[in-house]
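Structure data (PDB, C-alpha atoms) from protein_2.pdb:
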```pdb
ATOM      1  CA  MET A   1      49.477  98.288  28.771
ATOM      2  CA  PHE A   2      50.546  94.708  27.988
ATOM      3  CA  TYR A   3      47.060  93.379  28.760
ATOM      4  CA  LEU A   4      45.378  96.163  26.750
ATOM      5  CA  ILE A   5      47.548  95.480  23.690
ATOM      6  CA  GLY A   6      46.968  91.731  24.083
ATOM      7  CA  SER A   7      43.191  92.201  24.283
ATOM      8  CA  ILE A   8      43.143  94.430  21.187
ATOM      9  CA  ILE A   9      45.353  92.187  19.027
ATOM     10  CA  LEU A  10      43.755  88.869  20.035
ATOM     11  CA  THR A  11      40.172  90.120  19.756
ATOM     12  CA  SER A  12      40.933  91.614  16.342
ATOM     13  CA  TYR A  13      42.464  88.269  15.356
ATOM     14  CA  LEU A  14      39.125  86.570  16.066
ATOM     15  CA  THR A  15      37.261  88.873  13.691
ATOM     16  CA  LEU A  16      39.869  88.368  10.986
ATOM     17  CA  ALA A  17      39.841  84.590  11.558
ATOM     18  CA  PHE A  18      36.106  84.441  10.884
ATOM     19  CA  LYS A  19      36.761  86.240   7.609
ATOM     20  CA  VAL A  20      39.233  83.486   6.649
ATOM     21  CA  CYS A  21      36.638  80.858   7.662
ATOM     22  CA  GLU A  22      34.239  82.358   5.152
ATOM     23  CA  LYS A  23      36.884  82.039   2.431
ATOM     24  CA  TYR A  24      37.433  78.336   3.112
ATOM     25  CA  LYS A  25      33.700  77.633   3.612
ATOM     26  CA  VAL A  26      34.092  76.668   7.247
ATOM     27  CA  SER A  27      30.856  76.349   9.228
ATOM     28  CA  ILE A  28      30.921  79.342  11.561
ATOM     29  CA  PHE A  29      28.602  77.664  14.059
ATOM     30  CA  GLN A  30      30.739  74.511  14.274
ATOM     31  CA  ALA A  31      33.904  76.608  14.565
ATOM     32  CA  ILE A  32      32.297  78.586  17.414
ATOM     33  CA  VAL A  33      31.365  75.417  19.327
ATOM     34  CA  PHE A  34      34.792  73.777  18.887
ATOM     35  CA  ASN A  35      36.356  77.118  19.804
ATOM     36  CA  TYR A  36      34.678  77.090  23.231
ATOM     37  CA  ILE A  37      35.680  73.478  23.855
ATOM     38  CA  THR A  38      39.252  74.515  22.987
ATOM     39  CA  CYS A  39      38.974  77.465  25.393
ATOM     40  CA  VAL A  40      38.054  75.090  28.237
ATOM     41  CA  ILE A  41      41.006  72.805  27.447
ATOM     42  CA  THR A  42      43.402  75.761  27.090
ATOM     43  CA  GLY A  43      42.260  77.276  30.380
ATOM     44  CA  SER A  44      42.593  73.934  32.164
ATOM     45  CA  VAL A  45      46.173  73.576  30.895
ATOM     46  CA  VAL A  46      46.995  77.106  32.081
ATOM     47  CA  ASN A  47      45.304  76.397  35.412
ATOM     48  CA  GLY A  48      47.058  73.050  35.814
ATOM     49  CA  SER A  49      43.751  71.185  36.161
ATOM     50  CA  PHE A  50      40.040  71.422  35.339
ATOM     51  CA  PRO A  51      38.920  73.821  38.090
ATOM     52  CA  ILE A  52      35.145  73.327  38.096
ATOM     53  CA  ASN A  53      33.990  71.311  41.120
ATOM     54  CA  GLY A  54      31.357  71.405  43.851
ATOM     55  CA  GLU A  55      33.144  74.177  45.723
ATOM     56  CA  VAL A  56      33.405  76.377  42.618
ATOM     57  CA  ILE A  57      29.728  75.835  41.761
ATOM     58  CA  ARG A  58      28.770  77.226  45.195
ATOM     59  CA  THR A  59      30.768  80.456  44.715
ATOM     60  CA  PRO A  60      28.819  83.712  44.146
ATOM     61  CA  TRP A  61      30.485  84.317  40.763
ATOM     62  CA  PHE A  62      29.707  80.926  39.193
ATOM     63  CA  LYS A  63      26.165  81.917  38.208
ATOM     64  CA  TRP A  64      27.587  84.992  36.469
ATOM     65  CA  ALA A  65      30.064  82.792  34.613
ATOM     66  CA  CYS A  66      27.134  80.700  33.350
ATOM     67  CA  VAL A  67      25.316  83.855  32.208
ATOM     68  CA  MET A  68      28.509  84.931  30.435
ATOM     69  CA  GLY A  69      28.591  81.579  28.635
ATOM     70  CA  VAL A  70      25.004  82.010  27.430
ATOM     71  CA  LEU A  71      25.870  85.505  26.149
ATOM     72  CA  PHE A  72      28.989  84.180  24.387
ATOM     73  CA  VAL A  73      27.004  81.697  22.287
ATOM     74  CA  SER A  74      24.018  83.976  21.740
ATOM     75  CA  ILE A  75      25.993  87.049  20.637
ATOM     76  CA  PHE A  76      28.169  85.121  18.178
ATOM     77  CA  ASN A  77      25.050  83.727  16.515
ATOM     78  CA  VAL A  78      23.196  87.059  16.503
ATOM     79  CA  ILE A  79      26.211  88.663  14.813
ATOM     80  CA  GLY A  80      25.988  86.022  12.082
ATOM     81  CA  MET A  81      22.223  86.393  11.691
ATOM     82  CA  THR A  82      22.410  90.191  11.535
ATOM     83  CA  ALA A  83      25.143  90.066   8.895
ATOM     84  CA  GLN A  84      23.216  87.539   6.791
ATOM     85  CA  LYS A  85      19.697  88.928   7.145
ATOM     86  CA  ILE A  86      20.477  92.651   7.015
ATOM     87  CA  SER A  87      24.131  93.555   6.368
ATOM     88  CA  VAL A  88      27.675  93.215   7.693
ATOM     89  CA  ALA A  89      27.823  96.991   8.170
ATOM     90  CA  VAL A  90      24.781  97.025  10.453
ATOM     91  CA  ALA A  91      26.181  94.090  12.464
ATOM     92  CA  SER A  92      29.515  95.887  12.948
ATOM     93  CA  VAL A  93      27.956  99.172  14.013
ATOM     94  CA  ALA A  94      25.507  97.535  16.454
ATOM     95  CA  ASN A  95      28.298  95.462  17.997
ATOM     96  CA  LYS A  96      30.772  98.313  18.465
ATOM     97  CA  LEU A  97      28.277 100.989  19.532
ATOM     98  CA  SER A  98      27.457  98.774  22.519
ATOM     99  CA  LEU A  99      30.461 100.259  24.342
ATOM    100  CA  ILE A 100      28.128 102.981  25.614
ATOM    101  CA  ILE A 101      26.217 100.480  27.825
ATOM    102  CA  PRO A 102      29.099  99.515  30.162
ATOM    103  CA  VAL A 103      30.122 103.185  30.307
ATOM    104  CA  VAL A 104      26.648 104.245  31.471
ATOM    105  CA  LEU A 105      26.441 101.351  33.944
ATOM    106  CA  SER A 106      29.889 102.212  35.343
ATOM    107  CA  VAL A 107      28.652 105.720  36.095
ATOM    108  CA  TYR A 108      25.415 104.429  37.651
ATOM    109  CA  LEU A 109      26.778 101.450  39.616
ATOM    110  CA  TYR A 110      30.214 102.638  40.690
ATOM    111  CA  GLY A 111      29.804 106.409  40.797
ATOM    112  CA  GLU A 112      32.424 106.982  38.109
ATOM    113  CA  THR A 113      32.477 110.347  36.354
ATOM    114  CA  VAL A 114      32.269 111.049  32.633
ATOM    115  CA  GLN A 115      32.519 114.771  32.025
ATOM    116  CA  GLY A 116      34.556 117.425  30.240
ATOM    117  CA  TRP A 117      37.038 116.151  27.667
ATOM    118  CA  LYS A 118      36.388 112.568  28.743
ATOM    119  CA  LEU A 119      32.691 112.949  27.858
ATOM    120  CA  ALA A 120      33.686 114.516  24.549
ATOM    121  CA  GLY A 121      35.881 111.467  23.915
ATOM    122  CA  VAL A 122      32.979 109.056  24.514
ATOM    123  CA  ILE A 123      30.782 111.008  22.084
ATOM    124  CA  LEU A 124      33.600 111.073  19.508
ATOM    125  CA  ALA A 125      34.066 107.309  20.017
ATOM    126  CA  LEU A 126      30.455 106.649  19.034
ATOM    127  CA  ALA A 127      30.832 108.837  15.945
ATOM    128  CA  ALA A 128      34.163 107.182  15.092
ATOM    129  CA  VAL A 129      32.666 103.683  15.242
ATOM    130  CA  VAL A 130      29.833 104.656  12.888
ATOM    131  CA  LEU A 131      32.243 106.288  10.415
ATOM    132  CA  THR A 132      34.770 103.422  10.555
ATOM    133  CA  CYS A 133      32.100 100.768   9.990
ATOM    134  CA  TYR A 134      30.171 102.763   7.378
ATOM    135  CA  GLN A 135      29.797 100.901   4.089
ATOM    136  CA  SER A 136      29.028 102.797   0.905
ATOM    137  CA  LYS A 137      27.001 101.286  -1.932
ATOM    138  CA  GLU A 138      30.254 100.658  -3.787
ATOM    139  CA  GLN A 139      31.701  98.734  -0.827
ATOM    140  CA  GLU A 140      28.717  96.547  -0.025
ATOM    141  CA  SER A 141      25.280  95.885  -1.417
ATOM    142  CA  VAL A 142      22.897  95.977   1.505
ATOM    143  CA  LYS A 143      20.246  93.248   1.560
ATOM    144  CA  ASP A 144      17.029  95.193   1.802
ATOM    145  CA  SER A 145      14.749  92.758  -0.034
ATOM    146  CA  GLY A 146      13.166  89.826   1.734
ATOM    147  CA  VAL A 147      13.912  91.080   5.257
ATOM    148  CA  LYS A 148      11.156  90.136   7.678
ATOM    149  CA  LYS A 149       9.888  92.676  10.198
ATOM    150  CA  TRP A 150      11.197  90.808  13.251
ATOM    151  CA  GLU A 151      14.684  90.673  11.734
ATOM    152  CA  TYR A 152      15.015  94.442  12.102
ATOM    153  CA  PHE A 153      15.178  93.838  15.865
ATOM    154  CA  LEU A 154      18.425  91.842  15.470
ATOM    155  CA  PRO A 155      20.724  94.926  15.578
ATOM    156  CA  LEU A 156      18.990  96.078  18.787
ATOM    157  CA  ILE A 157      19.433  92.618  20.333
ATOM    158  CA  LEU A 158      23.087  92.624  19.293
ATOM    159  CA  PHE A 159      23.617  96.133  20.671
ATOM    160  CA  VAL A 160      22.115  95.256  24.065
ATOM    161  CA  GLY A 161      23.732  91.796  24.265
ATOM    162  CA  SER A 162      27.265  92.972  23.464
ATOM    163  CA  GLY A 163      26.974  95.875  25.880
ATOM    164  CA  LEU A 164      25.683  93.669  28.691
ATOM    165  CA  LEU A 165      28.499  91.158  28.115
ATOM    166  CA  ASP A 166      31.148  93.877  28.485
ATOM    167  CA  ALA A 167      29.337  95.250  31.526
ATOM    168  CA  LEU A 168      29.052  91.767  33.077
ATOM    169  CA  ILE A 169      32.767  91.046  32.646
ATOM    170  CA  ASN A 170      33.574  94.442  34.150
ATOM    171  CA  HIS A 171      31.190  93.951  37.115
ATOM    172  CA  VAL A 172      32.403  90.462  37.997
ATOM    173  CA  GLN A 173      36.078  91.424  37.838
ATOM    174  CA  LYS A 174      35.351  94.345  40.177
ATOM    175  CA  GLN A 175      33.284  92.371  42.674
ATOM    176  CA  TYR A 176      34.543  88.785  42.639
ATOM    177  CA  VAL A 177      37.623  88.107  40.507
ATOM    178  CA  THR A 178      41.020  87.726  42.183
ATOM    179  CA  GLU A 179      44.338  86.330  41.027
ATOM    180  CA  GLU A 180      43.381  83.036  42.671
ATOM    181  CA  ASN A 181      39.979  82.527  41.014
ATOM    182  CA  ASN A 182      40.489  84.416  37.733
ATOM    183  CA  ASN A 183      41.208  81.325  35.645
ATOM    184  CA  ALA A 184      38.422  79.284  37.239
ATOM    185  CA  TYR A 185      35.957  82.073  36.422
ATOM    186  CA  LEU A 186      37.031  82.237  32.775
ATOM    187  CA  ILE A 187      36.937  78.455  32.332
ATOM    188  CA  SER A 188      33.470  78.314  33.905
ATOM    189  CA  GLY A 189      32.176  80.874  31.393
ATOM    190  CA  PHE A 190      33.689  79.041  28.451
ATOM    191  CA  PHE A 191      32.487  75.683  29.811
ATOM    192  CA  SER A 192      28.924  77.005  29.976
ATOM    193  CA  ALA A 193      29.192  78.215  26.363
ATOM    194  CA  ALA A 194      30.747  74.894  25.274
ATOM    195  CA  VAL A 195      27.981  72.791  26.865
ATOM    196  CA  ILE A 196      25.183  74.879  25.348
ATOM    197  CA  GLY A 197      26.854  74.998  21.936
ATOM    198  CA  PHE A 198      27.664  71.257  21.950
ATOM    199  CA  ILE A 199      24.039  70.318  22.704
ATOM    200  CA  LEU A 200      22.774  72.540  19.874
ATOM    201  CA  LEU A 201      25.418  71.136  17.520
ATOM    202  CA  MET A 202      24.455  67.526  18.332
ATOM    203  CA  VAL A 203      20.839  68.352  17.531
ATOM    204  CA  GLN A 204      21.919  69.787  14.174
ATOM    205  CA  TYR A 205      24.083  66.727  13.445
ATOM    206  CA  PHE A 206      21.181  64.342  14.133
ATOM    207  CA  THR A 207      18.730  66.413  12.067
ATOM    208  CA  GLY A 208      21.167  66.616   9.162
ATOM    209  CA  LYS A 209      21.522  70.410   9.258
ATOM    210  CA  GLN A 210      25.257  70.165   9.958
ATOM    211  CA  LYS A 211      27.911  67.697   8.819
ATOM    212  CA  PHE A 212      31.200  67.176  10.630
ATOM    213  CA  GLU A 213      34.418  67.914   8.751
ATOM    214  CA  ARG A 214      37.944  68.181  10.148
ATOM    215  CA  LYS A 215      38.361  71.722   8.840
ATOM    216  CA  HIS A 216      35.572  72.897  11.178
ATOM    217  CA  LEU A 217      37.376  71.349  14.155
ATOM    218  CA  LEU A 218      40.731  72.791  13.075
ATOM    219  CA  ALA A 219      39.196  76.248  12.703
ATOM    220  CA  GLY A 220      37.729  75.977  16.198
ATOM    221  CA  ILE A 221      41.138  75.144  17.660
ATOM    222  CA  ILE A 222      42.870  77.973  15.781
ATOM    223  CA  ILE A 223      40.234  80.425  17.008
ATOM    224  CA  GLY A 224      39.812  78.978  20.511
ATOM    225  CA  ILE A 225      43.325  79.381  21.908
ATOM    226  CA  PRO A 226      43.576  83.132  21.085
ATOM    227  CA  ASN A 227      39.945  83.582  22.185
ATOM    228  CA  TYR A 228      40.719  82.315  25.681
ATOM    229  CA  PHE A 229      43.678  84.640  26.053
ATOM    230  CA  SER A 230      41.739  87.600  24.615
ATOM    231  CA  ILE A 231      39.254  87.384  27.515
ATOM    232  CA  TRP A 232      42.117  86.618  29.931
ATOM    233  CA  CYS A 233      43.864  89.822  28.836
ATOM    234  CA  LEU A 234      40.624  91.832  29.022
ATOM    235  CA  VAL A 235      39.889  90.725  32.594
ATOM    236  CA  HIS A 236      43.467  91.514  33.680
ATOM    237  CA  PHE A 237      43.388  94.878  31.901
ATOM    238  CA  LEU A 238      40.129  95.899  33.598
ATOM    239  CA  LYS A 239      41.588  94.804  36.936
ATOM    240  CA  GLU A 240      44.878  96.700  36.586
ATOM    241  CA  SER A 241      43.880  99.591  34.300
ATOM    242  CA  PRO A 242      45.098 103.041  35.433
ATOM    243  CA  TRP A 243      41.740 104.450  34.250
ATOM    244  CA  GLN A 244      38.179 104.003  35.442
ATOM    245  CA  SER A 245      36.215 101.301  33.634
ATOM    246  CA  SER A 246      34.111 104.041  31.991
ATOM    247  CA  ALA A 247      37.328 104.937  30.144
ATOM    248  CA  SER A 248      39.015 101.511  29.955
ATOM    249  CA  ILE A 249      36.218  99.766  28.028
ATOM    250  CA  PRO A 250      35.893 102.442  25.305
ATOM    251  CA  VAL A 251      39.686 102.562  24.875
ATOM    252  CA  ASN A 252      39.762  98.769  24.477
ATOM    253  CA  ASN A 253      36.835  98.701  22.031
ATOM    254  CA  MET A 254      38.118 101.618  19.977
ATOM    255  CA  GLY A 255      41.537  99.988  19.806
ATOM    256  CA  ILE A 256      39.921  96.850  18.399
ATOM    257  CA  VAL A 257      38.002  98.848  15.767
ATOM    258  CA  LEU A 258      41.153 100.743  14.763
ATOM    259  CA  PHE A 259      43.518  97.750  14.679
ATOM    260  CA  SER A 260      41.153  95.319  12.914
ATOM    261  CA  SER A 261      40.213  97.919  10.276
ATOM    262  CA  VAL A 262      43.821  98.684   9.411
ATOM    263  CA  VAL A 263      44.870  94.996   9.372
ATOM    264  CA  ALA A 264      41.888  94.084   7.161
ATOM    265  CA  TRP A 265      42.931  96.879   4.801
ATOM    266  CA  LEU A 266      46.546  95.608   4.700
ATOM    267  CA  LEU A 267      45.969  91.840   4.574
ATOM    268  CA  PHE A 268      42.613  91.438   2.858
ATOM    269  CA  LYS A 269      42.782  94.565   0.697
ATOM    270  CA  GLU A 270      39.432  95.717   2.041
ATOM    271  CA  LYS A 271      38.526  99.065   0.578
ATOM    272  CA  LEU A 272      38.379 101.907   3.075
ATOM    273  CA  SER A 273      36.555 105.021   1.958
ATOM    274  CA  LYS A 274      37.439 108.558   2.994
ATOM    275  CA  VAL A 275      34.639 108.294   5.553
ATOM    276  CA  ASN A 276      36.248 105.145   7.018
ATOM    277  CA  TRP A 277      39.660 106.823   7.273
ATOM    278  CA  MET A 278      37.982 109.818   8.917
ATOM    279  CA  GLY A 279      36.517 107.420  11.487
ATOM    280  CA  ILE A 280      39.918 105.836  12.137
ATOM    281  CA  ALA A 281      41.502 109.275  12.659
ATOM    282  CA  LEU A 282      38.618 110.279  14.925
ATOM    283  CA  SER A 283      39.055 107.082  16.968
ATOM    284  CA  LEU A 284      42.649 108.065  17.799
ATOM    285  CA  VAL A 285      41.435 111.413  19.099
ATOM    286  CA  ALA A 286      38.635 109.690  21.052
ATOM    287  CA  ILE A 287      41.041 107.225  22.690
ATOM    288  CA  TYR A 288      43.331 110.059  23.771
ATOM    289  CA  LEU A 289      40.465 112.122  25.242
ATOM    290  CA  ILE A 290      38.921 109.171  27.074
ATOM    291  CA  ALA A 291      42.232 108.028  28.527
ATOM    292  CA  PHE A 292      43.781 111.403  29.364
ATOM    293  CA  GLY A 293      40.809 113.825  29.307
ATOM    294  CA  ASP A 294      40.920 114.285  33.081
ATOM    295  CA  THR A 295      44.470 115.659  32.884
ATOM    296  CA  ILE A 296      43.858 118.166  30.080
TER     297      ILE A 296
END
```
Write the structure described by the file as structure tokens, please.
Amino acid sequence: MFYLIGSIILTSYLTLAFKVCEKYKVSIFQAIVFNYITCVITGSVVNGSFPINGEVIRTPWFKWACVMGVLFVSIFNVIGMTAQKISVAVASVANKLSLIIPVVLSVYLYGETVQGWKLAGVILALAAVVLTCYQSKEQESVKDSGVKKWEYFLPLILFVGSGLLDALINHVQKQYVTEENNNAYLISGFFSAAVIGFILLMVQYFTGKQKFERKHLLAGIIIGIPNYFSIWCLVHFLKESPWQSSASIPVNNMGIVLFSSVVAWLLFKEKLSKVNWMGIALSLVAIYLIAFGDTI
């Protein structure tokens, strides 16, 4: 349970941190890049050394770590584009609904079962996410005007990308990750994201689209350290969870939705409608059914 709680709190912290970045006009893209560089440094300190070498590159999981790094950078940017081009509500729903992808793949790849009360919990989880993320006209003015046709595909890309990332992390920890190589795997993923992000950032610096300021670097450090440990906790939780991954991933994702919504309401005074509170209540029921449905 320690790793589950850690994953929920630290991942929720990342979402809330980006909200603070918006307040202080911090470049989200720069913060993301510096965050991944910080993750590599943090992981190397935890590991005792920088673990990527010729032997690691030849391991069967290294290519998956590189794919994970590409997904890290891509998904963060698609979240930002979806929120800006369409709406924050659509970005939130597309991101959280993606939990269904690793659940379906767990059933297909590993022969796990989702039936009875557990299946009811998964269905309730999807409904709970939609209700919790729902934004009324009073809460947010949705940007309908000026949206290009191709931009309506962004939520679909976000949905698929987020789901595949969760599924990839779950697959690799099942097939390749051990206590000995866990940290090397995580650092490799973050290193891949850092390299890709740094190259793109340098291009933007030279073309004048971005300008370096210390607050962007500071934000990246503040986000990066918890980000590393959020993935570290998630990998450990999936490895040691008492439930099948088809239950573990929804419980983790629903916990993040629940915790971040309540904290945003308390700290940032975000307005939660009756529909949102209904979604939060429904998420508690969904978590219980997914986790303990087999015993009912």
How would you write, as a PDB file with C-alpha atoms, in the coordinates of the input, the residues chosen by the PyMOL selection byres ((chain A and resi 165) around 12) on this structure?
```
ATOM      1  CA  TRP A  64      27.587  84.992  36.469  1.00  0.00           C
ATOM      2  CA  ALA A  65      30.064  82.792  34.613  1.00  0.00           C
ATOM      3  CA  CYS A  66      27.134  80.700  33.350  1.00  0.00           C
ATOM      4  CA  VAL A  67      25.316  83.855  32.208  1.00  0.00           C
ATOM      5  CA  MET A  68      28.509  84.931  30.435  1.00  0.00           C
ATOM      6  CA  GLY A  69      28.591  81.579  28.635  1.00  0.00           C
ATOM      7  CA  VAL A  70      25.004  82.010  27.430  1.00  0.00           C
ATOM      8  CA  LEU A  71      25.870  85.505  26.149  1.00  0.00           C
ATOM      9  CA  PHE A  72      28.989  84.180  24.387  1.00  0.00           C
ATOM     10  CA  VAL A  73      27.004  81.697  22.287  1.00  0.00           C
ATOM     11  CA  SER A  74      24.018  83.976  21.740  1.00  0.00           C
ATOM     12  CA  ILE A  75      25.993  87.049  20.637  1.00  0.00           C
ATOM     13  CA  PHE A  76      28.169  85.121  18.178  1.00  0.00           C
ATOM     14  CA  ASN A  95      28.298  95.462  17.997  1.00  0.00           C
ATOM     15  CA  SER A  98      27.457  98.774  22.519  1.00  0.00           C
ATOM     16  CA  LEU A  99      30.461 100.259  24.342  1.00  0.00           C
ATOM     17  CA  ILE A 101      26.217 100.480  27.825  1.00  0.00           C
ATOM     18  CA  PRO A 102      29.099  99.515  30.162  1.00  0.00           C
ATOM     19  CA  LEU A 105      26.441 101.351  33.944  1.00  0.00           C
ATOM     20  CA  LEU A 158      23.087  92.624  19.293  1.00  0.00           C
ATOM     21  CA  PHE A 159      23.617  96.133  20.671  1.00  0.00           C
ATOM     22  CA  VAL A 160      22.115  95.256  24.065  1.00  0.00           C
ATOM     23  CA  GLY A 161      23.732  91.796  24.265  1.00  0.00           C
ATOM     24  CA  SER A 162      27.265  92.972  23.464  1.00  0.00           C
ATOM     25  CA  GLY A 163      26.974  95.875  25.880  1.00  0.00           C
ATOM     26  CA  LEU A 164      25.683  93.669  28.691  1.00  0.00           C
ATOM     27  CA  ASP A 166      31.148  93.877  28.485  1.00  0.00           C
ATOM     28  CA  ALA A 167      29.337  95.250  31.526  1.00  0.00           C
ATOM     29  CA  LEU A 168      29.052  91.767  33.077  1.00  0.00           C
ATOM     30  CA  ILE A 169      32.767  91.046  32.646  1.00  0.00           C
ATOM     31  CA  ASN A 170      33.574  94.442  34.150  1.00  0.00           C
ATOM     32  CA  HIS A 171      31.190  93.951  37.115  1.00  0.00           C
ATOM     33  CA  VAL A 172      32.403  90.462  37.997  1.00  0.00           C
ATOM     34  CA  GLY A 189      32.176  80.874  31.393  1.00  0.00           C
ATOM     35  CA  ILE A 231      39.254  87.384  27.515  1.00  0.00           C
ATOM     36  CA  ILE A 249      36.218  99.766  28.028  1.00  0.00           C
TER      37      ILE A 249
END
```
| task | Give me the residues within 10 Å of Ile123 (chain A) as a count of residues only, counting all atoms listed in the file and dropping any in the same chain fewer than 6 places off. | result | 4
Each region 169-270 of chain A residue no farther than 10 Å from region 45-60 of chain A, nearest pair in Å, all atoms listed in the file, as CSV:
```
residue,atom,partner,partner_atom,distance
A:Val172,CA,A:Pro60,CA,9.8
A:Gln175,CA,A:Pro60,CA,9.9
A:Tyr176,CA,A:Pro60,CA,7.8
A:Asn181,CA,A:Val56,CA,9.1
A:Asn182,CA,A:Asn47,CA,9.6
A:Asn183,CA,A:Asn47,CA,6.4
A:Ala184,CA,A:Pro51,CA,5.6
A:Tyr185,CA,A:Val56,CA,8.8
A:Ile187,CA,A:Pro51,CA,7.7
A:Ser188,CA,A:Ile52,CA,6.7
A:Phe191,CA,A:Ile52,CA,9.0
```
Identify all residues satisfying the PyMOL selection byres ((chain A and resi 223) around 8) in the given file; provide them as a PDB file with C-alpha atoms, in the coordinates of the input.
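expr-v9.pdb, freshly written:
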```pdb
ATOM      1  CA  LEU A  14      39.125  86.570  16.066  1.00  0.00           C
ATOM      2  CA  ALA A  17      39.841  84.590  11.558  1.00  0.00           C
ATOM      3  CA  ALA A  31      33.904  76.608  14.565  1.00  0.00           C
ATOM      4  CA  ASN A  35      36.356  77.118  19.804  1.00  0.00           C
ATOM      5  CA  ALA A 219      39.196  76.248  12.703  1.00  0.00           C
ATOM      6  CA  GLY A 220      37.729  75.977  16.198  1.00  0.00           C
ATOM      7  CA  ILE A 221      41.138  75.144  17.660  1.00  0.00           C
ATOM      8  CA  ILE A 222      42.870  77.973  15.781  1.00  0.00           C
ATOM      9  CA  GLY A 224      39.812  78.978  20.511  1.00  0.00           C
ATOM     10  CA  ILE A 225      43.325  79.381  21.908  1.00  0.00           C
ATOM     11  CA  PRO A 226      43.576  83.132  21.085  1.00  0.00           C
ATOM     12  CA  ASN A 227      39.945  83.582  22.185  1.00  0.00           C
TER      13      ASN A 227
END
```
| request: For each of A:Thr82, A:Lys63, A:Cys39, A:Val33, take the minimum atom-to-atom distance to Ser230 (chain A), counting all atoms listed in the file, then give the residue where this is smallest. | output: A:Cys39
Please produce region 118-129 of chain A, completed to N, CA and C atoms, as a short mmCIF file (atom, residue, chain, number, x, y, z; two decimals), in the frame of the given file.
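result-v7.cif was written with the following content:
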```
data_model
loop_
_atom_site.label_atom_id
_atom_site.label_comp_id
_atom_site.auth_asym_id
_atom_site.auth_seq_id
_atom_site.Cartn_x
_atom_site.Cartn_y
_atom_site.Cartn_z
N LYS A 118 36.65 114.01 28.73
CA LYS A 118 36.39 112.57 28.74
C LYS A 118 35.02 112.27 28.12
N LEU A 119 34.02 113.09 28.45
CA LEU A 119 32.69 112.95 27.86
C LEU A 119 32.75 113.21 26.36
N ALA A 120 33.52 114.21 25.98
CA ALA A 120 33.69 114.52 24.55
C ALA A 120 34.31 113.32 23.83
N GLY A 121 35.24 112.65 24.50
CA GLY A 121 35.88 111.47 23.92
C GLY A 121 34.90 110.33 23.69
N VAL A 122 33.99 110.11 24.65
CA VAL A 122 32.98 109.06 24.51
C VAL A 122 32.06 109.35 23.33
N ILE A 123 31.65 110.61 23.20
CA ILE A 123 30.78 111.01 22.08
C ILE A 123 31.51 110.84 20.75
N LEU A 124 32.80 111.25 20.73
CA LEU A 124 33.60 111.07 19.51
C LEU A 124 33.79 109.60 19.18
N ALA A 125 33.89 108.75 20.22
CA ALA A 125 34.07 107.31 20.02
C ALA A 125 32.86 106.73 19.29
N LEU A 126 31.67 107.13 19.69
CA LEU A 126 30.46 106.65 19.03
C LEU A 126 30.43 107.08 17.56
N ALA A 127 30.80 108.34 17.32
CA ALA A 127 30.83 108.84 15.94
C ALA A 127 31.91 108.11 15.14
N ALA A 128 33.05 107.85 15.77
CA ALA A 128 34.16 107.18 15.09
C ALA A 128 33.80 105.76 14.68
N VAL A 129 33.08 105.05 15.55
CA VAL A 129 32.67 103.68 15.24
C VAL A 129 31.74 103.67 14.03
#
```
